[in-house]
file input.cif (mmCIF, C-alpha atoms and all ligand atoms)
data_run
#
loop_
_atom_site.label_atom_id
_atom_site.label_comp_id
_atom_site.auth_asym_id
_atom_site.auth_seq_id
_atom_site.Cartn_x
_atom_site.Cartn_y
_atom_site.Cartn_z
CA MET A 50 58.33 115.55 104.37
CA CYS A 51 61.44 114.23 105.99
CA ALA A 52 63.16 116.46 108.56
CA VAL A 53 66.91 116.92 108.12
CA ILE A 54 68.63 114.49 110.44
CA ASP A 55 70.76 116.21 113.03
CA LEU A 56 74.15 114.85 114.03
CA THR A 57 75.80 114.58 117.42
CA ASN A 58 78.10 117.45 118.38
CA ARG A 59 80.84 114.84 118.63
CA VAL A 60 80.61 114.08 114.91
CA LYS A 61 79.84 117.63 113.80
CA SER A 62 83.12 118.84 115.26
CA ILE A 63 85.39 116.32 113.47
CA GLU A 64 88.14 117.95 111.41
CA TYR A 65 90.97 116.25 109.55
CA ALA A 66 93.06 118.71 107.58
CA ILE A 67 95.07 116.06 105.68
CA ARG A 68 91.99 114.69 103.95
CA ASP A 69 89.85 117.84 104.11
CA VAL A 70 92.13 119.65 101.65
CA VAL A 71 91.55 116.86 99.13
CA VAL A 72 87.94 117.98 98.73
CA TYR A 73 89.18 121.30 97.28
CA ALA A 74 91.69 119.49 95.05
CA LYS A 75 89.10 117.08 93.64
CA LYS A 76 86.82 119.99 92.72
CA LEU A 77 89.68 121.66 90.88
CA GLU A 78 90.69 118.40 89.20
CA LYS A 79 87.18 118.11 87.78
CA THR A 80 87.74 121.41 85.93
CA GLY A 81 90.73 119.80 84.17
CA LYS A 82 93.53 121.19 86.35
CA LYS A 83 96.52 118.93 86.99
CA ILE A 84 97.02 118.35 90.71
CA LEU A 85 100.35 117.43 92.28
CA TYR A 86 99.40 115.60 95.47
CA LEU A 87 101.98 116.26 98.18
CA ASN A 88 99.50 115.93 100.99
CA ILE A 89 99.21 112.30 101.92
CA GLY A 90 101.64 109.98 103.69
CA ASP A 91 100.92 106.93 101.55
CA PRO A 92 104.07 105.62 99.82
CA CYS A 93 102.00 103.34 97.55
CA LYS A 94 100.42 106.41 95.92
CA TYR A 95 103.88 107.20 94.53
CA ASP A 96 106.61 104.88 93.19
CA PHE A 97 106.82 102.56 96.20
CA ASP A 98 105.05 99.22 96.27
CA THR A 99 104.33 96.49 98.79
CA PRO A 100 107.11 93.86 98.47
CA GLN A 101 106.10 91.03 96.14
CA HIS A 102 106.56 88.23 98.71
CA ILE A 103 104.25 90.03 101.14
CA LYS A 104 101.57 90.54 98.48
CA GLU A 105 101.78 86.87 97.55
CA ALA A 106 101.46 85.85 101.19
CA TYR A 107 98.20 87.82 101.37
CA CYS A 108 96.76 86.14 98.23
CA GLU A 109 97.87 82.72 99.47
CA ALA A 110 96.24 83.33 102.85
CA ILE A 111 92.89 83.94 101.19
CA LYS A 112 93.28 80.89 98.93
CA LYS A 113 94.23 78.71 101.88
CA GLY A 114 91.04 79.70 103.64
CA TYR A 115 92.19 82.17 106.27
CA ASN A 116 88.90 83.95 105.84
CA TRP A 117 87.45 83.47 109.31
CA TYR A 118 87.31 85.92 112.23
CA SER A 119 90.54 85.64 114.18
CA ASP A 120 91.32 86.01 117.88
CA SER A 121 90.26 89.55 118.96
CA LYS A 122 93.78 90.31 120.18
CA GLY A 123 95.23 89.16 116.86
CA LEU A 124 96.55 85.85 115.56
CA PRO A 125 98.82 84.29 118.21
CA GLU A 126 101.52 83.62 115.59
CA LEU A 127 101.49 87.26 114.47
CA ARG A 128 101.77 88.44 118.07
CA GLU A 129 104.80 86.15 118.43
CA ALA A 130 106.30 87.52 115.20
CA ILE A 131 105.78 91.07 116.52
CA ALA A 132 107.59 90.19 119.77
CA GLU A 133 110.45 88.67 117.69
CA LYS A 134 110.65 91.84 115.56
CA GLU A 135 110.80 94.04 118.64
CA LYS A 136 113.65 91.88 119.95
CA ARG A 137 115.51 91.96 116.62
CA VAL A 138 115.08 95.68 115.90
CA ASN A 139 114.90 97.19 119.39
CA ASN A 140 116.38 94.48 121.59
CA ILE A 141 113.46 94.45 123.99
CA ASP A 142 111.58 91.49 125.41
CA ILE A 143 107.84 91.71 124.90
CA ASP A 144 105.46 88.96 125.94
CA PRO A 145 103.17 88.20 122.93
CA GLU A 146 100.32 88.26 125.48
CA ASN A 147 101.03 92.00 125.82
CA VAL A 148 100.54 92.64 122.11
CA ILE A 149 97.19 93.64 120.60
CA VAL A 150 96.78 93.73 116.82
CA THR A 151 94.61 96.58 115.55
CA SER A 152 93.11 97.91 112.32
CA GLY A 153 95.99 100.28 111.89
CA ILE A 154 97.45 102.52 114.56
CA SER A 155 94.36 104.62 113.92
CA GLU A 156 92.31 102.05 115.82
CA ALA A 157 94.94 101.80 118.55
CA ILE A 158 94.74 105.58 119.09
CA LYS A 159 90.97 105.39 119.37
CA MET A 160 91.06 102.41 121.75
CA VAL A 161 93.59 103.88 124.17
CA ILE A 162 91.88 107.27 124.28
CA ALA A 163 88.48 105.59 124.73
CA ALA A 164 89.88 103.63 127.66
CA LEU A 165 91.54 106.53 129.48
CA ILE A 166 89.83 109.81 128.63
CA ASP A 167 86.58 110.79 130.30
CA ASN A 168 84.82 114.14 129.93
CA GLY A 169 87.24 116.97 130.65
CA ASP A 170 90.35 114.78 130.89
CA GLU A 171 93.47 116.03 129.16
CA ILE A 172 96.02 114.47 126.87
CA LEU A 173 99.38 116.02 126.11
CA VAL A 174 100.31 115.82 122.45
CA PRO A 175 103.25 117.26 120.54
CA GLY A 176 102.63 120.69 119.02
CA PRO A 177 102.30 120.16 116.05
CA THR A 178 100.89 116.63 116.08
CA TYR A 179 99.35 113.91 113.94
CA PRO A 180 95.68 115.11 113.94
CA PRO A 181 93.78 111.94 115.03
CA TYR A 182 95.24 112.34 118.54
CA ILE A 183 93.35 115.65 118.72
CA ALA A 184 90.22 114.42 116.92
CA TYR A 185 89.71 111.27 119.02
CA THR A 186 90.36 113.12 122.27
CA LYS A 187 87.63 115.62 121.43
CA PHE A 188 85.39 112.78 120.24
CA PHE A 189 85.51 111.25 123.71
CA GLY A 190 84.91 114.58 125.47
CA GLY A 191 88.53 115.19 126.42
CA LYS A 192 90.80 118.15 125.90
CA PRO A 193 93.95 117.89 123.78
CA VAL A 194 96.76 120.09 125.09
CA ALA A 195 99.75 120.66 122.81
CA TYR A 196 103.24 120.91 124.24
CA ARG A 197 105.68 123.02 122.29
CA CYS A 198 108.24 121.44 120.01
CA ILE A 199 111.18 123.72 119.28
CA GLU A 200 111.62 124.41 115.58
CA GLU A 201 115.11 125.89 116.01
CA GLU A 202 116.19 122.65 117.67
CA GLY A 203 114.89 120.37 114.92
CA TRP A 204 111.43 120.28 116.55
CA GLN A 205 112.59 118.55 119.74
CA PRO A 206 109.94 118.60 122.52
CA ASP A 207 110.25 121.46 125.00
CA ILE A 208 110.57 119.67 128.34
CA GLU A 209 109.75 122.75 130.43
CA ASP A 210 106.59 123.31 128.42
CA ILE A 211 105.50 119.70 129.03
CA ARG A 212 106.02 120.21 132.75
CA ASN A 213 104.06 123.47 132.75
CA LYS A 214 101.12 121.99 130.91
CA ILE A 215 100.47 119.04 133.19
CA SER A 216 97.31 119.46 135.26
CA GLU A 217 95.30 117.24 137.60
CA LYS A 218 93.26 116.24 134.56
CA THR A 219 96.20 115.02 132.43
CA LYS A 220 96.02 111.29 131.74
CA ILE A 221 98.17 110.54 128.69
CA LEU A 222 101.45 111.89 127.34
CA VAL A 223 102.00 111.20 123.64
CA ILE A 224 105.37 110.95 121.91
CA ILE A 225 105.52 110.61 118.10
CA ASN A 226 109.03 109.58 117.11
CA PRO A 227 109.99 109.98 114.27
CA ASN A 228 107.40 112.69 114.09
CA ASN A 229 104.59 113.45 111.72
CA PRO A 230 104.36 116.31 110.61
CA THR A 231 107.86 117.62 111.43
CA GLY A 232 110.14 114.68 110.58
CA ALA A 233 111.88 115.17 113.95
CA LEU A 234 113.79 112.31 115.50
CA TYR A 235 113.87 112.63 119.27
CA ASN A 236 117.14 112.26 121.11
CA GLU A 237 117.54 109.80 123.95
CA LYS A 238 117.99 112.45 126.62
CA THR A 239 114.70 114.12 125.69
CA ILE A 240 112.81 110.82 125.72
CA LYS A 241 114.26 109.97 129.15
CA GLU A 242 113.18 113.34 130.52
CA ILE A 243 109.67 112.85 129.14
CA LEU A 244 109.52 109.39 130.73
CA ASN A 245 110.59 110.77 134.10
CA ILE A 246 107.96 113.52 134.02
CA ALA A 247 105.30 110.95 133.12
CA ALA A 248 106.37 108.70 135.98
CA GLU A 249 106.34 111.58 138.44
CA HIS A 250 102.74 112.45 137.51
CA GLU A 251 101.55 108.87 136.86
CA LEU A 252 100.67 109.55 133.23
CA VAL A 253 100.39 106.83 130.62
CA VAL A 254 103.10 107.28 127.98
CA VAL A 255 102.00 106.46 124.43
CA SER A 256 104.89 106.20 121.99
CA ASP A 257 103.90 106.18 118.31
CA GLU A 258 106.80 104.63 116.41
CA ILE A 259 105.22 103.90 113.03
CA TYR A 260 108.25 105.41 111.22
CA ASP A 261 110.85 103.67 113.43
CA GLN A 262 112.87 102.21 110.55
CA ILE A 263 112.56 105.25 108.27
CA VAL A 264 115.45 107.33 109.62
CA TYR A 265 118.33 109.03 107.80
CA GLU A 266 121.50 109.89 109.75
CA LYS A 267 120.82 108.85 113.33
CA ARG A 268 119.36 105.73 114.84
CA HIS A 269 115.86 105.67 116.24
CA THR A 270 115.47 105.21 120.00
CA ASN A 271 112.64 102.92 121.05
CA THR A 272 110.97 104.48 124.08
CA ALA A 273 110.38 101.16 125.86
CA LYS A 274 114.05 100.23 125.46
CA ILE A 275 115.15 103.09 127.72
CA ALA A 276 112.12 103.16 130.03
CA ASN A 277 113.52 100.84 132.73
CA GLU A 278 110.64 100.44 135.21
CA ILE A 279 108.38 103.10 133.62
CA PRO A 280 105.47 101.59 131.67
CA VAL A 281 104.91 102.54 128.03
CA VAL A 282 102.30 101.74 125.39
CA VAL A 283 104.06 101.51 122.03
CA PHE A 284 102.23 101.82 118.68
CA ASN A 285 103.55 100.46 115.42
CA GLY A 286 102.22 99.02 112.19
CA PHE A 287 102.51 97.95 108.60
CA SER A 288 101.40 101.10 106.74
CA LYS A 289 104.79 102.75 106.32
CA VAL A 290 107.81 100.46 106.85
CA TYR A 291 106.05 97.47 105.24
CA LEU A 292 104.36 99.55 102.54
CA ALA A 293 100.87 98.19 103.12
CA PRO A 294 98.73 101.15 104.28
CA GLY A 295 95.58 99.83 102.63
CA TRP A 296 95.69 96.63 104.65
CA ARG A 297 94.79 98.63 107.74
CA LEU A 298 97.01 96.71 110.10
CA GLY A 299 98.86 97.91 113.16
CA TYR A 300 99.55 96.92 116.74
CA MET A 301 100.20 98.16 120.22
CA TYR A 302 102.23 96.54 122.95
CA PHE A 303 102.45 97.15 126.63
CA TYR A 304 105.94 97.47 128.04
CA ASP A 305 104.96 96.96 131.63
CA PRO A 306 107.65 95.55 133.92
CA GLU A 307 105.67 96.22 137.12
CA GLY A 308 102.17 95.33 135.89
CA LYS A 309 100.88 98.91 136.15
CA LEU A 310 99.11 98.76 132.78
CA GLU A 311 97.24 95.52 133.43
CA ASN A 312 93.91 97.30 133.90
CA LEU A 313 94.39 99.25 130.69
CA ARG A 314 95.33 96.09 128.78
CA GLU A 315 92.19 94.32 130.02
CA GLY A 316 90.03 97.33 129.08
CA ILE A 317 91.47 97.42 125.60
CA GLU A 318 91.01 93.68 125.20
CA LYS A 319 87.32 94.26 125.93
CA GLU A 320 87.21 96.96 123.26
CA ALA A 321 88.91 94.53 120.88
CA ARG A 322 86.26 91.90 121.55
CA ILE A 323 83.35 94.18 120.63
CA ARG A 324 84.83 94.77 117.18
CA LEU A 325 85.37 91.00 116.79
CA SER A 326 88.72 90.87 115.01
CA VAL A 327 91.16 92.45 112.59
CA ASN A 328 91.44 91.41 108.90
CA THR A 329 92.64 87.79 109.11
CA PRO A 330 94.46 87.26 105.74
CA ALA A 331 96.31 90.55 106.25
CA GLN A 332 97.51 89.25 109.61
CA VAL A 333 98.78 86.04 108.02
CA ALA A 334 100.70 88.06 105.43
CA ALA A 335 102.06 90.32 108.17
CA ILE A 336 103.80 87.27 109.68
CA THR A 337 105.65 86.87 106.37
CA ALA A 338 106.38 90.61 106.34
CA LEU A 339 108.06 90.46 109.74
CA ARG A 340 109.87 87.13 109.34
CA GLY A 341 110.77 87.34 105.63
CA PRO A 342 113.40 89.42 103.80
CA GLN A 343 113.70 93.02 105.01
CA ASP A 344 115.72 94.37 102.03
CA HIS A 345 113.00 96.73 100.87
CA ILE A 346 113.46 98.89 103.99
CA LYS A 347 117.02 99.86 103.12
CA GLU A 348 116.08 100.48 99.48
CA MET A 349 113.15 102.65 100.51
CA VAL A 350 115.23 104.71 102.95
CA GLU A 351 117.97 105.27 100.34
CA LYS A 352 115.42 106.50 97.82
CA LEU A 353 113.78 108.71 100.41
CA ARG A 354 117.08 110.16 101.61
CA LYS A 355 117.73 111.66 98.14
CA ARG A 356 114.21 113.09 98.06
CA ARG A 357 114.57 114.44 101.60
CA ASP A 358 117.88 116.15 100.71
CA TYR A 359 116.40 117.66 97.56
CA THR A 360 113.24 118.84 99.32
CA TRP A 361 115.13 120.43 102.19
CA LYS A 362 117.55 122.21 99.83
CA ARG A 363 114.85 123.49 97.48
CA LEU A 364 112.60 124.72 100.30
CA ASN A 365 115.39 126.66 101.99
CA GLU A 366 116.40 128.25 98.69
CA ILE A 367 112.99 129.90 98.39
CA ASP A 368 112.91 133.43 99.72
CA GLY A 369 110.29 133.50 102.46
CA ILE A 370 110.49 129.80 103.38
CA THR A 371 112.70 128.12 105.97
CA CYS A 372 112.71 124.45 106.86
CA ALA A 373 114.29 122.33 109.60
CA LYS A 374 115.95 119.17 108.27
CA PRO A 375 113.73 116.11 108.66
CA GLU A 376 115.66 113.25 110.29
CA GLY A 377 112.99 110.57 109.92
CA ALA A 378 109.62 109.75 108.31
CA PHE A 379 108.80 111.38 104.93
CA TYR A 380 107.51 114.84 105.81
CA ALA A 381 108.92 118.36 105.87
CA PHE A 382 107.23 121.13 107.83
CA PRO A 383 108.46 124.47 106.46
CA LYS A 384 107.71 127.90 107.85
CA ILE A 385 106.21 130.54 105.57
CA ASN A 386 106.79 134.23 105.84
CA LEU A 387 103.19 135.24 105.13
CA GLY A 388 103.90 138.98 105.13
CA ASN A 389 100.75 140.76 104.09
CA LYS A 390 100.26 138.56 101.05
CA TRP A 391 98.31 135.88 102.89
CA LYS A 392 96.04 136.05 105.94
CA ASN A 393 97.08 132.66 107.31
CA ASP A 394 98.57 129.31 106.35
CA LYS A 395 95.24 127.89 105.14
CA GLU A 396 94.80 130.77 102.73
CA PHE A 397 98.39 130.23 101.57
CA VAL A 398 97.76 126.54 100.92
CA LEU A 399 94.44 127.00 99.14
CA GLY A 400 95.94 129.79 97.03
CA LEU A 401 98.86 127.55 96.13
CA LEU A 402 96.44 124.82 95.09
CA GLU A 403 94.26 127.11 93.01
CA ASN A 404 97.14 128.85 91.27
CA THR A 405 99.53 125.96 90.72
CA GLY A 406 97.74 122.68 91.40
CA VAL A 407 100.26 121.80 94.16
CA LEU A 408 98.47 120.31 97.15
CA VAL A 409 100.09 120.44 100.62
CA VAL A 410 98.46 120.58 104.06
CA PHE A 411 98.13 123.79 106.07
CA GLY A 412 100.14 123.74 109.28
CA SER A 413 97.39 124.91 111.60
CA GLY A 414 95.60 121.62 110.85
CA PHE A 415 98.32 119.97 112.99
CA ASP A 416 97.96 122.51 115.78
CA PRO A 417 96.51 126.02 115.72
CA THR A 418 99.37 127.47 117.78
CA TYR A 419 102.50 125.52 116.93
CA GLY A 420 101.51 124.60 113.39
CA LYS A 421 100.36 128.01 112.18
CA ASN A 422 102.41 129.80 109.48
CA HIS A 423 103.66 126.42 108.26
CA PHE A 424 102.64 123.75 105.79
CA ARG A 425 103.39 120.05 105.54
CA THR A 426 104.66 118.43 102.39
CA VAL A 427 105.56 114.80 101.81
CA PHE A 428 108.79 114.00 99.99
CA LEU A 429 107.53 110.66 98.71
CA PRO A 430 107.23 111.53 94.98
CA PRO A 431 110.08 110.99 92.50
CA LEU A 432 112.58 113.84 92.08
CA GLU A 433 111.01 115.02 88.77
CA THR A 434 107.64 115.51 90.48
CA LEU A 435 109.24 117.25 93.44
CA GLU A 436 111.15 119.50 91.05
CA GLU A 437 107.97 120.46 89.21
CA ALA A 438 106.12 121.08 92.49
CA PHE A 439 108.88 123.19 94.06
CA ASP A 440 109.33 125.23 90.87
CA LYS A 441 105.64 126.06 91.06
CA LEU A 442 105.82 126.76 94.79
CA GLU A 443 108.79 129.07 94.28
CA LYS A 444 106.97 131.05 91.61
CA TYR A 445 103.86 131.31 93.81
CA VAL A 446 105.82 132.53 96.84
CA THR A 447 108.08 134.99 95.05
CA SER A 448 105.71 136.42 92.44
C1 LIG A 501 102.31 109.24 113.42
C2 LIG A 501 101.29 108.40 112.75
N1 LIG A 501 100.61 107.49 113.48
C3 LIG A 501 99.67 106.71 112.91
C4 LIG A 501 99.35 106.82 111.57
C5 LIG A 501 98.26 105.97 111.00
O1 LIG A 501 98.68 104.68 110.93
P1 LIG A 501 97.78 103.47 110.42
O2 LIG A 501 97.82 103.47 108.94
O3 LIG A 501 98.48 102.29 111.01
O4 LIG A 501 96.41 103.67 110.95
C6 LIG A 501 100.03 107.73 110.78
C7 LIG A 501 99.70 107.87 109.35
O5 LIG A 501 100.08 108.77 108.65
C8 LIG A 501 101.02 108.54 111.38
O6 LIG A 501 101.70 109.45 110.68
#
call {"tool": "encode", "arguments": {"input": "input.cif", "output": "structure tokens", "more": "lines below"}}
Ligand SMILES: Cc1ncc(COP(=O)(O)O)c(C=O)c1O
result
Amino acid sequence: MCAVIDLTNRVKSIEYAIRDVVVYAKKLEKTGKKILYLNIGDPCKYDFDTPQHIKEAYCEAIKKGYNWYSDSKGLPELREAIAEKEKRVNNIDIDPENVIVTSGISEAIKMVIAALIDNGDEILVPGPTYPPYIAYTKFFGGKPVAYRCIEEEGWQPDIEDIRNKISEKTKILVIINPNNPTGALYNEKTIKEILNIAAEHELVVVSDEIYDQIVYEKRHTNTAKIANEIPVVVFNGFSKVYLAPGWRLGYMYFYDPEGKLENLREGIEKEARIRLSVNTPAQVAAITALRGPQDHIKEMVEKLRKRRDYTWKRLNEIDGITCAKPEGAFYAFPKINLGNKWKNDKEFVLGLLENTGVLVVFGSGFDPTYGKNHFRTVFLPPLETLEEAFDKLEKYVTS
């Protein structure tokens, strides 16, 4: 007889609320219940599509024979196109040699944490945060520490709390701007203060800017642009703004005017070599994405703005729910008055799913302290779907 194979503690402890809730939904779907999926940040699952010229560039790349392993750091021409884009959109000068193409930002997160976090080391992440920052830190034996973001101030980071939570073990300070799950857009003053704290304590600043061009009223501030001599690792990619999440393509670049990140860059280049390369035809198409027409971005943001406005209005009209206005990305992170109807936000979310078929993600999955009593919804679906979902939510909350 075969013994049951045991897993490492590292793998046993992995949790990922955004996808974990889907398991419950799929079970329910099998019984014939209609599910309204408001849980996942993939625009292509709704009525958004990868621009035609980018899709064609991918097909052409395969036909033309770009089917070999590419340079581990990414195709040189793509790294140049990324540097051009950063100049055009953010007016910063990045040397293509300081760009590393990755299999999505997901891989960039894993690589940077693998390079900097040893057992017991700490990483400061926004509270609430995008969960892989927590999961990968634990995976590599580190300790994620959440700094408070202030809901009443549109979820801006609490600078004092960041200061108080730095210890001798802190290695990385993460900014996610615009933010997932809150939709917050950080103001320049806050980013500057975070940069100064990081410089004072010699922390590596990681700035995740995957939603940089999905903003509504205000402009996005690129962290590197205002960093002066302070080094920053910036993450970006093609999953959101270029509507190609399934291509699994992202990048990081090192803004490093004084060469302080050289060691880190070399370490990450080694990590890149052991996984050979990133999808080559997708990289070829990404060059077209960056250098070709950009019209789809404006169209997407206009469509999303209407859905954001509707979502925000509907949520705040429900007795027992309040929601800060998202200023970027495509998420809202409302607060629930649980009263004595529900034990916690997970019970609220699973009850909502079971009773109405509406699937959102429980807030504590983004941080047990700062995410609790909340849930995250996307506002990607068309207005009719949002209307149906919020009608059902309203009934569930008020009945
Ligand atoms: C803040 C943030 N970073 C990174 C990612 C993942 O990006 P990628 O698809 O490039 O791995 C997401 C996806 O939702 C995200 O919200």
call {"tool": "residues_near_ligand", "arguments": {"input": "input.cif", "ligand": "ligand LIG 501 (chain A)", "cutoff": "9 Å", "atoms": "only C-alpha atoms and all ligand atoms", "output": "PyMOL selection string"}}
result
chain A and resi 89-91+151-158+178-182+225-230+257-260+284-289+293-300+378
call {"tool": "write_last_selection", "arguments": {"input": "input.cif", "atoms": "C-alpha atoms", "output": "PDB file, in the coordinates of the input"}}
result
ATOM      1  CA  ILE A  89      99.210 112.300 101.920  1.00  0.00           C
ATOM      2  CA  GLY A  90     101.640 109.980 103.690  1.00  0.00           C
ATOM      3  CA  ASP A  91     100.920 106.930 101.550  1.00  0.00           C
ATOM      4  CA  THR A 151      94.610  96.580 115.550  1.00  0.00           C
ATOM      5  CA  SER A 152      93.110  97.910 112.320  1.00  0.00           C
ATOM      6  CA  GLY A 153      95.990 100.280 111.890  1.00  0.00           C
ATOM      7  CA  ILE A 154      97.450 102.520 114.560  1.00  0.00           C
ATOM      8  CA  SER A 155      94.360 104.620 113.920  1.00  0.00           C
ATOM      9  CA  GLU A 156      92.310 102.050 115.820  1.00  0.00           C
ATOM     10  CA  ALA A 157      94.940 101.800 118.550  1.00  0.00           C
ATOM     11  CA  ILE A 158      94.740 105.580 119.090  1.00  0.00           C
ATOM     12  CA  THR A 178     100.890 116.630 116.080  1.00  0.00           C
ATOM     13  CA  TYR A 179      99.350 113.910 113.940  1.00  0.00           C
ATOM     14  CA  PRO A 180      95.680 115.110 113.940  1.00  0.00           C
ATOM     15  CA  PRO A 181      93.780 111.940 115.030  1.00  0.00           C
ATOM     16  CA  TYR A 182      95.240 112.340 118.540  1.00  0.00           C
ATOM     17  CA  ILE A 225     105.520 110.610 118.100  1.00  0.00           C
ATOM     18  CA  ASN A 226     109.030 109.580 117.110  1.00  0.00           C
ATOM     19  CA  PRO A 227     109.990 109.980 114.270  1.00  0.00           C
ATOM     20  CA  ASN A 228     107.400 112.690 114.090  1.00  0.00           C
ATOM     21  CA  ASN A 229     104.590 113.450 111.720  1.00  0.00           C
ATOM     22  CA  PRO A 230     104.360 116.310 110.610  1.00  0.00           C
ATOM     23  CA  ASP A 257     103.900 106.180 118.310  1.00  0.00           C
ATOM     24  CA  GLU A 258     106.800 104.630 116.410  1.00  0.00           C
ATOM     25  CA  ILE A 259     105.220 103.900 113.030  1.00  0.00           C
ATOM     26  CA  TYR A 260     108.250 105.410 111.220  1.00  0.00           C
ATOM     27  CA  PHE A 284     102.230 101.820 118.680  1.00  0.00           C
ATOM     28  CA  ASN A 285     103.550 100.460 115.420  1.00  0.00           C
ATOM     29  CA  GLY A 286     102.220  99.020 112.190  1.00  0.00           C
ATOM     30  CA  PHE A 287     102.510  97.950 108.600  1.00  0.00           C
ATOM     31  CA  SER A 288     101.400 101.100 106.740  1.00  0.00           C
ATOM     32  CA  LYS A 289     104.790 102.750 106.320  1.00  0.00           C
ATOM     33  CA  ALA A 293     100.870  98.190 103.120  1.00  0.00           C
ATOM     34  CA  PRO A 294      98.730 101.150 104.280  1.00  0.00           C
ATOM     35  CA  GLY A 295      95.580  99.830 102.630  1.00  0.00           C
ATOM     36  CA  TRP A 296      95.690  96.630 104.650  1.00  0.00           C
ATOM     37  CA  ARG A 297      94.790  98.630 107.740  1.00  0.00           C
ATOM     38  CA  LEU A 298      97.010  96.710 110.100  1.00  0.00           C
ATOM     39  CA  GLY A 299      98.860  97.910 113.160  1.00  0.00           C
ATOM     40  CA  TYR A 300      99.550  96.920 116.740  1.00  0.00           C
ATOM     41  CA  ALA A 378     109.620 109.750 108.310  1.00  0.00           C
TER      42      ALA A 378
END
call {"tool": "closest_residue", "arguments": {"input": "input.cif", "among": "A:Ala438, A:Ile183, A:Cys372, A:Ile172", "to": "Phe424 in chain A", "atoms": "all atoms listed in the file"}}
result
A:Cys372
call {"tool": "closest_residue", "arguments": {"input": "input.cif", "among": "A:Ala331, A:Ile54, A:Ala66, A:Leu252", "to": "Trp117 in chain A", "atoms": "all atoms listed in the file"}}
result
A:Ala331
call {"tool": "closest_residue", "arguments": {"input": "input.cif", "among": "A:Thr186, A:Ser413, A:Thr447, A:Thr360", "to": "Ile166 in chain A", "atoms": "all atoms listed in the file"}}
result
A:Thr186
call {"tool": "residues_near_point", "arguments": {"input": "input.cif", "point": "(103.2, 118.1, 127.1)", "cutoff": "9 Å", "atoms": "only C-alpha atoms", "output": "VMD selection string"}}
result
chain A and resid 172 to 176 194 to 197 206 to 215 222 to 223 243
call {"tool": "decode", "arguments": {"input": "input.cif", "residues": "range 202-231 of chain A", "atoms": "C-alpha atoms", "output": "PDB file, in the first residue's frame"}}
result
ATOM      1  CA  GLU A 202      -8.758  59.020   3.806  1.00  0.00           C
ATOM      2  CA  GLY A 203      -9.441  56.950   0.700  1.00  0.00           C
ATOM      3  CA  TRP A 204      -7.134  54.177   1.956  1.00  0.00           C
ATOM      4  CA  GLN A 205      -3.966  56.298   1.887  1.00  0.00           C
ATOM      5  CA  PRO A 206      -1.022  54.656   3.711  1.00  0.00           C
ATOM      6  CA  ASP A 207      -0.576  55.695   7.338  1.00  0.00           C
ATOM      7  CA  ILE A 208       2.965  57.065   7.423  1.00  0.00           C
ATOM      8  CA  GLU A 209       3.281  56.903  11.219  1.00  0.00           C
ATOM      9  CA  ASP A 210       2.234  53.268  11.181  1.00  0.00           C
ATOM     10  CA  ILE A 211       4.891  52.467   8.564  1.00  0.00           C
ATOM     11  CA  ARG A 212       7.502  54.122  10.766  1.00  0.00           C
ATOM     12  CA  ASN A 213       6.346  52.223  13.852  1.00  0.00           C
ATOM     13  CA  LYS A 214       6.428  48.867  12.120  1.00  0.00           C
ATOM     14  CA  ILE A 215       9.984  48.997  10.837  1.00  0.00           C
ATOM     15  CA  SER A 216      12.307  46.646  12.707  1.00  0.00           C
ATOM     16  CA  GLU A 217      15.903  45.497  12.275  1.00  0.00           C
ATOM     17  CA  LYS A 218      14.526  42.621  10.222  1.00  0.00           C
ATOM     18  CA  THR A 219      12.627  44.758   7.679  1.00  0.00           C
ATOM     19  CA  LYS A 220      14.052  44.418   4.173  1.00  0.00           C
ATOM     20  CA  ILE A 221      11.384  45.506   1.685  1.00  0.00           C
ATOM     21  CA  LEU A 222       8.692  48.184   1.672  1.00  0.00           C
ATOM     22  CA  VAL A 223       5.906  47.552  -0.839  1.00  0.00           C
ATOM     23  CA  ILE A 224       3.706  50.215  -2.427  1.00  0.00           C
ATOM     24  CA  ILE A 225       0.769  49.166  -4.634  1.00  0.00           C
ATOM     25  CA  ASN A 226      -0.464  52.199  -6.541  1.00  0.00           C
ATOM     26  CA  PRO A 227      -3.234  52.219  -7.755  1.00  0.00           C
ATOM     27  CA  ASN A 228      -4.082  49.675  -5.131  1.00  0.00           C
ATOM     28  CA  ASN A 229      -5.624  46.256  -5.228  1.00  0.00           C
ATOM     29  CA  PRO A 230      -7.941  45.653  -3.300  1.00  0.00           C
ATOM     30  CA  THR A 231      -8.920  49.217  -2.306  1.00  0.00           C
TER      31      THR A 231
END
